[in-house]
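Inspection log for the structure reproduced underneath, given as structure tokens.
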2 protein chains.
Amino acid sequence: MTTKKIMKIPKQAKKVFDGVIFDTYQWEQEMFDGTTETFERIHRAPSVECIAIVDDKIITLEQKQPTREDWYPSLPGGRIDEGEEPVKAVARELLEETGYTAKSFELYREYSGTSKIHFPEYIFIAKNCKKVSEQNIDSGEKINVKLSTFDEFVNMFRNKLCATSIYFKFEIYEALLDEKKKEELKEKLFKK
Amino acid sequence: MTTKKIMKIPKQAKKVFDGVIFDTYQWEQEMFDGTTETFERIHRAPSVECIAIVDDKIITLEQKQPTREDWYPSLPGGRIDEGEEPVKAVARELLEETGYTAKSFELYREYSGTSKIHFPEYIFIAKNCKKVSEQNIDSGEKINVKLSTFDEFVNMFRNKLCATSIYFKFEIYEALLDEKKKEELKEKLFKK
């Protein structure tokens, strides 16, 4: 992706604050005229999401969190634990949030955030999902699991409250503007 | 906006790091089961953008910054200085980046960021703009000024590198999906 190379936190940057979700980095940046300025970037803890396929449907969630007043739609997913592989994290989050497991996980997209906020995000396609247990969510979440059609799925991203990668949201909008891209996405998701 | 009420940094939050662009806040959040966890939010320095109207055209920029390899499109705008009024900031940025002044500035949108990153953003419509001076930009910017048609303007936001408010980008995508919304936006911008 063109966007990746411009998003990195430079090697000479120093971590000036170590947070729960956000770490702050600063460095002295040489400007076009040879002067220097203190530049700052944030590293946000990486996250995963998945498009989980159950026959001809896709798993979508309605979530509520302690700090948000409204229920909001999302895909299954969450923060990656320290040192955890993205694919392990996505399988864990899918099982915890929905009780489903997948026959396979295919990495579909990998993003790295904006120019000022470095934020690794991974989107997987979870193929051939089956329900194997009950939901097992933590104290900070309330989650309803739904099985949506492809059209319900793409339209979910138009909801202002939808919590997902902004880059994936832009991809969905581009598919909504172009029937061919939309069909390609549908085929990709439901291909056996 | 529905989104505003859920985005705030709570009163009991403490500033744990004071950065150049990003300040970090933390607080103990009561969860649904009565336990508590440390929650963290970022406050990002507020910014302004403007849709600057010159007869039947709109000012758009092609920018280059020291940390980004590619030229990228944007609207005129930038960071609001400490204690500066948003409308003063937008007039200042428009003049510095383009050499244009406006007869009037109308606040068009006000956003407050995501659930985890509090980020005030103001979008103004700058009516009846005239060129009064040369560009006067700082050491960290290279900027080409263009006069775009309305269609070039809306399509600029589909460019992956376009640097603008994500919320405004979503609004433009919604307008691209709905001819009526697109016409309303056009009318709003070019109304005398």
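In the structure tokens, chains take letters A, B, ... by order of appearance, with residues numbered from 1 within each chain and ligands from 1 in the order shown.
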Distance query range 110-127 of chain B at most 6 Å, only C-alpha atoms, self and fewer than 4 positions along chain excluded, as a list in words: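 My list of contacting residues is Met7, Arg41, Ile42, His43, Arg44, Pro46, Ser47, Val48, Glu49, Cys50, Ile51, Ala52, Ile53, Ala102, Lys103, Ser104, Phe105 and Glu106 of chain B.
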Would you kindly return, as an MDAnalysis selection string, each protein, DNA or RNA residue with an atom no farther than 10 Å from any atom of Ile172 in chain A, considering only C-alpha atoms and excluding same-chain residues fewer than 5 positions away? chainID A and resid 153:158 166:167 177:178 181:182 185
Compile a residue-level contact table for chain B against chain A at a cut-off of 9 Å, reporting for every qualifying residue the shortest atom pair and its distance in Å to one decimal, with only C-alpha atoms counted, rows ordered by chain and ascending number, as CSV.
```
residue,atom,partner,partner_atom,distance
B:Thr2,CA,A:Leu161,CA,8.6
B:Thr3,CA,A:Leu161,CA,7.1
B:Lys5,CA,A:Glu69,CA,8.0
B:Ile6,CA,A:Arg68,CA,5.2
B:Met7,CA,A:Arg68,CA,7.9
B:Val16,CA,A:Phe17,CA,8.8
B:Phe17,CA,A:Phe17,CA,6.8
B:Gly19,CA,A:Glu40,CA,7.7
B:Val20,CA,A:Glu40,CA,6.5
B:Ile21,CA,A:Glu40,CA,6.8
B:Phe22,CA,A:Ile42,CA,7.7
B:Thr24,CA,A:Gly19,CA,7.9
B:Gln26,CA,A:Val20,CA,8.7
B:Gln29,CA,A:Pro66,CA,7.9
B:Glu30,CA,A:Pro66,CA,7.4
B:Met31,CA,A:Gly140,CA,5.2
B:Phe32,CA,A:Ser139,CA,5.6
B:Asp33,CA,A:Ser139,CA,5.6
B:Gly34,CA,A:Ser139,CA,8.2
B:Thr35,CA,A:Ser139,CA,7.6
B:Glu37,CA,A:Gly140,CA,8.8
B:Thr38,CA,A:Val20,CA,7.8
B:Phe39,CA,A:Val20,CA,7.6
B:Glu40,CA,A:Val20,CA,6.5
B:Arg41,CA,A:Phe22,CA,8.2
B:Ile42,CA,A:Phe22,CA,7.7
B:Gln65,CA,A:Phe32,CA,8.4
B:Pro66,CA,A:Met31,CA,5.9
B:Thr67,CA,A:Ile6,CA,7.1
B:Arg68,CA,A:Ile6,CA,5.2
B:Glu69,CA,A:Ile6,CA,6.3
B:Asp70,CA,A:Ile6,CA,7.9
B:Ser115,CA,A:Arg68,CA,7.8
B:Ser139,CA,A:Asp33,CA,5.6
B:Gly140,CA,A:Met31,CA,5.2
B:Glu141,CA,A:Phe32,CA,7.5
B:Lys142,CA,A:Phe32,CA,8.6
B:Arg158,CA,A:Glu174,CA,8.0
B:Lys160,CA,A:Thr3,CA,7.7
B:Leu161,CA,A:Thr3,CA,7.1
B:Ile166,CA,A:Ile166,CA,7.6
B:Tyr167,CA,A:Lys160,CA,8.7
B:Lys169,CA,A:Phe170,CA,8.7
B:Phe170,CA,A:Phe170,CA,8.0
B:Tyr173,CA,A:Tyr173,CA,6.6
B:Glu174,CA,A:Arg158,CA,8.0
B:Leu176,CA,A:Leu177,CA,7.6
B:Leu177,CA,A:Leu177,CA,6.5
```
Any chance you can output those residues with N, CA and C atoms as a CSV table (one decimal), in the first residue's frame?
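Printed below is part30.csv as written:
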```
chain,number,residue,atom,x,y,z
B,2,THR,N,-25.3,13.2,17.3
B,2,THR,CA,-25.3,12.1,18.3
B,2,THR,C,-23.9,11.7,18.8
B,3,THR,N,-23.0,11.8,17.9
B,3,THR,CA,-21.6,11.4,18.2
B,3,THR,C,-21.0,12.2,19.3
B,5,LYS,N,-21.8,13.5,22.3
B,5,LYS,CA,-21.9,13.2,23.7
B,5,LYS,C,-21.1,12.1,24.2
B,6,ILE,N,-20.8,11.1,23.3
B,6,ILE,CA,-20.0,9.9,23.7
B,6,ILE,C,-18.5,10.1,23.6
B,7,MET,N,-18.1,11.3,23.1
B,7,MET,CA,-16.7,11.5,22.8
B,7,MET,C,-15.9,12.2,23.8
B,16,VAL,N,-2.0,12.9,32.1
B,16,VAL,CA,-0.8,12.2,32.6
B,16,VAL,C,0.4,12.5,31.7
B,17,PHE,N,0.1,13.1,30.5
B,17,PHE,CA,1.2,13.5,29.6
B,17,PHE,C,0.8,14.7,28.8
B,19,GLY,N,1.8,16.7,25.6
B,19,GLY,CA,2.6,16.6,24.4
B,19,GLY,C,2.6,17.9,23.5
B,20,VAL,N,3.2,17.8,22.3
B,20,VAL,CA,3.2,18.9,21.4
B,20,VAL,C,1.8,19.0,20.7
B,21,ILE,N,1.3,17.8,20.2
B,21,ILE,CA,0.0,17.8,19.6
B,21,ILE,C,-1.0,16.9,20.4
B,22,PHE,N,-0.5,15.9,21.1
B,22,PHE,CA,-1.3,15.0,21.8
B,22,PHE,C,-1.1,15.0,23.3
B,24,THR,N,-2.3,13.1,26.9
B,24,THR,CA,-2.9,11.8,27.4
B,24,THR,C,-3.6,12.0,28.7
B,26,GLN,N,-6.1,9.9,31.7
B,26,GLN,CA,-6.5,8.6,32.3
B,26,GLN,C,-7.4,8.7,33.4
B,29,GLN,N,-12.3,3.7,35.5
B,29,GLN,CA,-13.7,3.6,34.9
B,29,GLN,C,-14.4,2.4,35.6
B,30,GLU,N,-15.6,2.7,36.1
B,30,GLU,CA,-16.4,1.6,36.7
B,30,GLU,C,-17.0,0.8,35.5
B,31,MET,N,-16.9,-0.5,35.6
B,31,MET,CA,-17.3,-1.4,34.5
B,31,MET,C,-18.8,-1.9,34.9
B,32,PHE,N,-19.4,-2.6,33.9
B,32,PHE,CA,-20.7,-3.1,34.1
B,32,PHE,C,-20.9,-4.0,35.4
B,33,ASP,N,-19.8,-4.7,35.7
B,33,ASP,CA,-19.9,-5.6,36.9
B,33,ASP,C,-19.4,-5.0,38.2
B,34,GLY,N,-19.2,-3.6,38.2
B,34,GLY,CA,-18.8,-2.9,39.4
B,34,GLY,C,-17.3,-2.9,39.6
B,35,THR,N,-16.5,-3.6,38.9
B,35,THR,CA,-15.0,-3.5,39.0
B,35,THR,C,-14.6,-2.3,38.3
B,37,GLU,N,-11.4,-0.3,35.9
B,37,GLU,CA,-10.2,-0.4,35.0
B,37,GLU,C,-9.7,1.0,34.6
B,38,THR,N,-8.3,1.0,34.3
B,38,THR,CA,-7.8,2.3,33.9
B,38,THR,C,-8.1,2.6,32.4
B,39,PHE,N,-8.9,3.6,32.2
B,39,PHE,CA,-9.2,4.0,30.8
B,39,PHE,C,-8.3,5.1,30.4
B,40,GLU,N,-8.1,5.2,29.1
B,40,GLU,CA,-7.2,6.2,28.6
B,40,GLU,C,-7.8,6.9,27.3
B,41,ARG,N,-7.6,8.2,27.2
B,41,ARG,CA,-8.1,8.9,26.0
B,41,ARG,C,-7.0,9.9,25.7
B,42,ILE,N,-7.0,10.3,24.4
B,42,ILE,CA,-6.0,11.3,23.9
B,42,ILE,C,-6.8,12.5,23.5
B,65,GLN,N,4.9,17.6,3.0
B,65,GLN,CA,5.5,17.9,4.3
B,65,GLN,C,6.8,17.1,4.5
B,66,PRO,N,7.7,17.5,5.4
B,66,PRO,CA,9.0,16.9,5.5
B,66,PRO,C,8.9,15.4,5.8
B,67,THR,N,7.9,15.0,6.5
B,67,THR,CA,7.8,13.6,6.9
B,67,THR,C,7.0,12.7,6.0
B,68,ARG,N,6.4,13.3,4.9
B,68,ARG,CA,5.6,12.5,4.0
B,68,ARG,C,6.3,12.5,2.6
B,69,GLU,N,6.4,11.4,2.0
B,69,GLU,CA,7.1,11.3,0.7
B,69,GLU,C,6.3,11.8,-0.5
B,70,ASP,N,4.9,11.6,-0.4
B,70,ASP,CA,4.1,11.9,-1.5
B,70,ASP,C,3.4,13.3,-1.3
B,115,SER,N,-14.2,7.8,19.8
B,115,SER,CA,-14.4,7.5,21.3
B,115,SER,C,-13.1,7.5,22.0
B,139,SER,N,8.4,26.8,7.2
B,139,SER,CA,9.5,25.9,6.8
B,139,SER,C,9.1,24.4,6.6
B,140,GLY,N,8.0,24.0,7.1
B,140,GLY,CA,7.6,22.6,7.1
B,140,GLY,C,6.5,22.3,6.0
B,141,GLU,N,6.3,23.2,5.1
B,141,GLU,CA,5.3,23.0,4.1
B,141,GLU,C,5.7,23.4,2.7
B,142,LYS,N,5.2,22.6,1.7
B,142,LYS,CA,5.2,23.1,0.3
B,142,LYS,C,3.8,22.9,-0.2
B,158,ARG,N,-11.9,11.1,-2.4
B,158,ARG,CA,-11.8,9.6,-2.6
B,158,ARG,C,-10.3,9.2,-2.7
B,160,LYS,N,-6.9,8.3,-1.5
B,160,LYS,CA,-6.5,7.7,-0.2
B,160,LYS,C,-5.6,8.6,0.6
B,161,LEU,N,-4.8,9.5,-0.1
B,161,LEU,CA,-3.9,10.3,0.5
B,161,LEU,C,-4.5,11.6,1.0
B,166,ILE,N,-11.9,12.8,8.9
B,166,ILE,CA,-12.6,11.6,8.4
B,166,ILE,C,-14.1,11.7,8.4
B,167,TYR,N,-14.6,12.5,9.3
B,167,TYR,CA,-16.1,12.7,9.3
B,167,TYR,C,-16.6,13.5,8.1
B,169,LYS,N,-15.0,13.4,5.2
B,169,LYS,CA,-14.9,12.4,4.1
B,169,LYS,C,-16.1,11.5,4.1
B,170,PHE,N,-16.6,11.0,5.2
B,170,PHE,CA,-17.8,10.2,5.2
B,170,PHE,C,-19.0,11.0,4.7
B,173,TYR,N,-18.7,11.0,1.0
B,173,TYR,CA,-19.1,9.7,0.4
B,173,TYR,C,-20.6,9.5,0.4
B,174,GLU,N,-21.3,10.0,1.5
B,174,GLU,CA,-22.7,9.9,1.5
B,174,GLU,C,-23.3,10.7,0.4
B,176,LEU,N,-21.9,11.4,-2.5
B,176,LEU,CA,-21.6,10.7,-3.7
B,176,LEU,C,-22.6,9.6,-4.0
B,177,LEU,N,-23.1,9.0,-2.9
B,177,LEU,CA,-24.1,7.9,-3.0
B,177,LEU,C,-25.5,8.4,-3.1
```
Check the DSSP output for the backbone and give back, as a count of residues only, the residues of chain A in strand (DSSP E). 77
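Taking CA of Glu93 in chain A and CA of Cys162 in chain A as the two end points, the separation is 17.8 Å.
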Considering only helix (DSSP H, G or I) as DSSP defines it on the backbone, what residues of range 13-93 of chain A qualify? List them as an MDAnalysis selection string. chainID A and resid 86:93
Using Å and a single decimal, report how far CA of Val132 in chain A sits from CA of Pro76 in chain A.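 According to the coordinates, CA of Pro76 in chain A and CA of Val132 in chain A are separated by 15.7 Å.
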Selection near Leu94 in chain A, 8 Å with only C-alpha atoms, sequence-local residues under 4 positions removed, as number ranges by chain: A: 50, 76-77, 90, 98-101
Output file for the selection above: C-alpha atoms, as a PDB file, in the first residue's frame:
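That gives us out.pdb:
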```
ATOM      1  CA  CYS A  50     -12.876 -10.217  11.236  1.00  0.00           C
ATOM      2  CA  PRO A  76     -16.000  -9.089  15.954  1.00  0.00           C
ATOM      3  CA  GLY A  77     -12.508  -8.040  17.048  1.00  0.00           C
ATOM      4  CA  VAL A  90      -8.693 -12.606  15.986  1.00  0.00           C
ATOM      5  CA  THR A  98     -19.607 -14.746  19.613  1.00  0.00           C
ATOM      6  CA  GLY A  99     -18.866 -18.366  20.618  1.00  0.00           C
ATOM      7  CA  TYR A 100     -17.930 -19.128  16.981  1.00  0.00           C
ATOM      8  CA  THR A 101     -14.741 -20.679  15.586  1.00  0.00           C
TER       9      THR A 101
END
```
Give me, please, the distance in Å between CA of Glu187 in chain B and CA of Leu95 in chain B, quoted to one decimal.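 That distance, rounded to one decimal, is 24.9 Å.
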